[in-house]
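Peer 1: Structure below; questions to follow.
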Amino acid sequence: MNTRLVLALAPLLIGLTGCQGSLHGDWHFVSAQPNRETFSLDNVAFRPDGTYSALTCFDGRVQQENGTWDFSMGKLRLRPQGGGARALTATVTLDRLELRRGKDLAVLRKGKRGGTR
């Protein structure tokens, strides 16, 4: 197979296969539909040890959240320390993460706000 084609498709294939390594690191909020107050995550850190921290907003309730996470087959599962679990549909490509909860959409960009990766 052509080496250029493999290199060009690698980021897409990583996102489709749900490689947890593609989520490791810091992410920040970019946009949301219908709005940020309905569904958003910001200042997210997905750590290689399977823990995360994030400022979350679900249906108007904003909170700093810590817990564990895993990503497989396009599903991101968040398990906050306070209990419960959330399953979100996730698509990750290069430096963009799209999270869906039903019709709601939150878009995040890789790195800390201000361009630091």
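For the structure tokens, the naming scheme is as follows: chains receive sequential letters (A, B, ...) according to their order of presentation, residues are indexed from 1 within each chain, and ligands are indexed from 1 in presentation order.
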Extract, using only C-alpha atoms, all DNA, RNA and protein residues at most 12 Å from range 63-80 of chain A, discarding same-chain residues fewer than 5 positions from it, and format them as a ChimeraX atom specification.

Peer 2: /A:13-24,37,39-58,85-93,97-101

Peer 1: With N, CA and C atoms kept, could you save the residues just selected as a tab-separated table (two decimals), in the first residue's frame?

Peer 2:
```tsv
chain	number	residue	atom	x	y	z
A	13	LEU	N	-8.28	6.69	10.91
A	13	LEU	CA	-8.42	5.32	11.41
A	13	LEU	C	-8.31	5.26	12.92
A	14	ILE	N	-7.43	6.06	13.50
A	14	ILE	CA	-7.32	6.11	14.96
A	14	ILE	C	-8.64	6.56	15.56
A	15	GLY	N	-9.25	7.60	14.98
A	15	GLY	CA	-10.52	8.09	15.49
A	15	GLY	C	-11.63	7.07	15.36
A	16	LEU	N	-11.66	6.35	14.25
A	16	LEU	CA	-12.71	5.36	14.04
A	16	LEU	C	-12.56	4.14	14.93
A	17	THR	N	-11.36	3.76	15.24
A	17	THR	CA	-11.17	2.56	16.04
A	17	THR	C	-11.30	2.84	17.52
A	18	GLY	N	-11.33	4.10	17.91
A	18	GLY	CA	-11.52	4.42	19.31
A	18	GLY	C	-10.28	4.25	20.15
A	19	CYS	N	-9.15	4.54	19.62
A	19	CYS	CA	-7.90	4.42	20.36
A	19	CYS	C	-7.88	5.43	21.50
A	20	GLN	N	-7.77	4.93	22.73
A	20	GLN	CA	-7.76	5.82	23.88
A	20	GLN	C	-6.62	6.81	23.81
A	21	GLY	N	-5.50	6.40	23.21
A	21	GLY	CA	-4.36	7.30	23.11
A	21	GLY	C	-4.67	8.57	22.35
A	22	SER	N	-5.63	8.53	21.43
A	22	SER	CA	-5.98	9.71	20.66
A	22	SER	C	-6.68	10.76	21.51
A	23	LEU	N	-7.19	10.39	22.68
A	23	LEU	CA	-7.86	11.34	23.56
A	23	LEU	C	-6.97	11.88	24.66
A	24	HIS	N	-5.86	11.22	24.93
A	24	HIS	CA	-4.98	11.66	26.01
A	24	HIS	C	-4.62	13.12	25.84
A	37	GLU	N	-25.02	25.96	27.66
A	37	GLU	CA	-25.71	25.72	28.93
A	37	GLU	C	-26.44	24.38	28.95
A	39	PHE	N	-25.32	21.50	27.08
A	39	PHE	CA	-24.36	20.39	27.03
A	39	PHE	C	-22.99	20.91	26.62
A	40	SER	N	-22.03	20.80	27.53
A	40	SER	CA	-20.66	21.19	27.18
A	40	SER	C	-19.66	20.61	28.17
A	41	LEU	N	-18.44	20.49	27.72
A	41	LEU	CA	-17.30	20.14	28.56
A	41	LEU	C	-16.20	21.13	28.23
A	42	ASP	N	-15.44	21.55	29.25
A	42	ASP	CA	-14.37	22.50	29.03
A	42	ASP	C	-13.22	22.17	29.98
A	43	ASN	N	-12.02	22.64	29.62
A	43	ASN	CA	-10.83	22.40	30.44
A	43	ASN	C	-10.73	20.93	30.83
A	44	VAL	N	-10.83	20.08	29.83
A	44	VAL	CA	-10.82	18.63	30.04
A	44	VAL	C	-9.39	18.11	29.98
A	45	ALA	N	-9.07	17.22	30.90
A	45	ALA	CA	-7.79	16.51	30.88
A	45	ALA	C	-8.08	15.02	30.93
A	46	PHE	N	-7.79	14.32	29.83
A	46	PHE	CA	-7.90	12.87	29.79
A	46	PHE	C	-6.50	12.31	30.03
A	47	ARG	N	-6.31	11.66	31.15
A	47	ARG	CA	-4.98	11.16	31.52
A	47	ARG	C	-4.80	9.70	31.08
A	48	PRO	N	-3.55	9.31	30.78
A	48	PRO	CA	-3.28	7.93	30.33
A	48	PRO	C	-3.65	6.87	31.37
A	49	ASP	N	-3.75	7.26	32.65
A	49	ASP	CA	-4.11	6.28	33.69
A	49	ASP	C	-5.62	6.03	33.76
A	50	GLY	N	-6.39	6.64	32.84
A	50	GLY	CA	-7.83	6.42	32.80
A	50	GLY	C	-8.63	7.36	33.69
A	51	THR	N	-7.99	8.41	34.22
A	51	THR	CA	-8.72	9.41	35.00
A	51	THR	C	-8.91	10.66	34.16
A	52	TYR	N	-9.88	11.47	34.56
A	52	TYR	CA	-10.13	12.73	33.86
A	52	TYR	C	-10.58	13.79	34.86
A	53	SER	N	-10.44	15.03	34.44
A	53	SER	CA	-11.04	16.17	35.14
A	53	SER	C	-11.63	17.07	34.07
A	54	ALA	N	-12.75	17.72	34.39
A	54	ALA	CA	-13.42	18.57	33.40
A	54	ALA	C	-14.41	19.49	34.09
A	55	LEU	N	-14.65	20.63	33.47
A	55	LEU	CA	-15.75	21.48	33.85
A	55	LEU	C	-16.90	21.06	32.94
A	56	THR	N	-17.95	20.50	33.52
A	56	THR	CA	-19.05	19.96	32.72
A	56	THR	C	-20.32	20.78	32.91
A	57	CYS	N	-21.15	20.78	31.89
A	57	CYS	CA	-22.48	21.38	31.98
A	57	CYS	C	-23.46	20.42	31.30
A	58	PHE	N	-24.35	19.89	32.10
A	58	PHE	CA	-25.41	19.01	31.60
A	58	PHE	C	-26.73	19.59	32.06
A	85	ALA	N	-22.81	7.40	35.62
A	85	ALA	CA	-21.99	7.19	34.42
A	85	ALA	C	-22.67	7.87	33.25
A	86	ARG	N	-21.86	8.32	32.30
A	86	ARG	CA	-22.37	8.93	31.08
A	86	ARG	C	-21.73	8.24	29.89
A	87	ALA	N	-22.53	7.92	28.89
A	87	ALA	CA	-22.01	7.36	27.65
A	87	ALA	C	-22.29	8.38	26.55
A	88	LEU	N	-21.23	8.87	25.92
A	88	LEU	CA	-21.35	9.86	24.86
A	88	LEU	C	-20.79	9.27	23.57
A	89	THR	N	-21.39	9.62	22.46
A	89	THR	CA	-20.84	9.25	21.17
A	89	THR	C	-19.71	10.23	20.87
A	90	ALA	N	-18.55	9.71	20.52
A	90	ALA	CA	-17.38	10.57	20.34
A	90	ALA	C	-16.70	10.30	19.01
A	91	THR	N	-16.30	11.38	18.35
A	91	THR	CA	-15.52	11.31	17.13
A	91	THR	C	-14.30	12.19	17.33
A	92	VAL	N	-13.13	11.61	17.17
A	92	VAL	CA	-11.89	12.37	17.36
A	92	VAL	C	-11.07	12.28	16.08
A	93	THR	N	-10.65	13.45	15.58
A	93	THR	CA	-9.78	13.52	14.42
A	93	THR	C	-8.74	14.60	14.68
A	97	LEU	N	-12.47	17.12	18.79
A	97	LEU	CA	-13.28	16.10	19.45
A	97	LEU	C	-14.73	16.53	19.42
A	98	GLU	N	-15.58	15.70	18.81
A	98	GLU	CA	-17.02	15.97	18.80
A	98	GLU	C	-17.69	14.97	19.73
A	99	LEU	N	-18.46	15.49	20.69
A	99	LEU	CA	-19.19	14.67	21.63
A	99	LEU	C	-20.68	14.87	21.41
A	100	ARG	N	-21.40	13.78	21.33
A	100	ARG	CA	-22.85	13.85	21.12
A	100	ARG	C	-23.59	13.14	22.24
A	101	ARG	N	-24.67	13.79	22.65
A	101	ARG	CA	-25.60	13.21	23.62
A	101	ARG	C	-26.97	13.40	23.01
```

Peer 1: With only C-alpha atoms as the counted atoms, please give the residues lying no more than 9 Å from Asp95 in chain A, apart from itself and same-chain residues fewer than 3 positions off, as a count of residues only.

Peer 2: 6

Peer 1: Looking only at the backbone, which of the residues in range 2-114 of chain A does DSSP tag as strand (DSSP E), as a PyMOL selection string?

Peer 2: chain A and resi 25-33+39-46+51-58+61-72+75-80+86-93+96-101+104-110
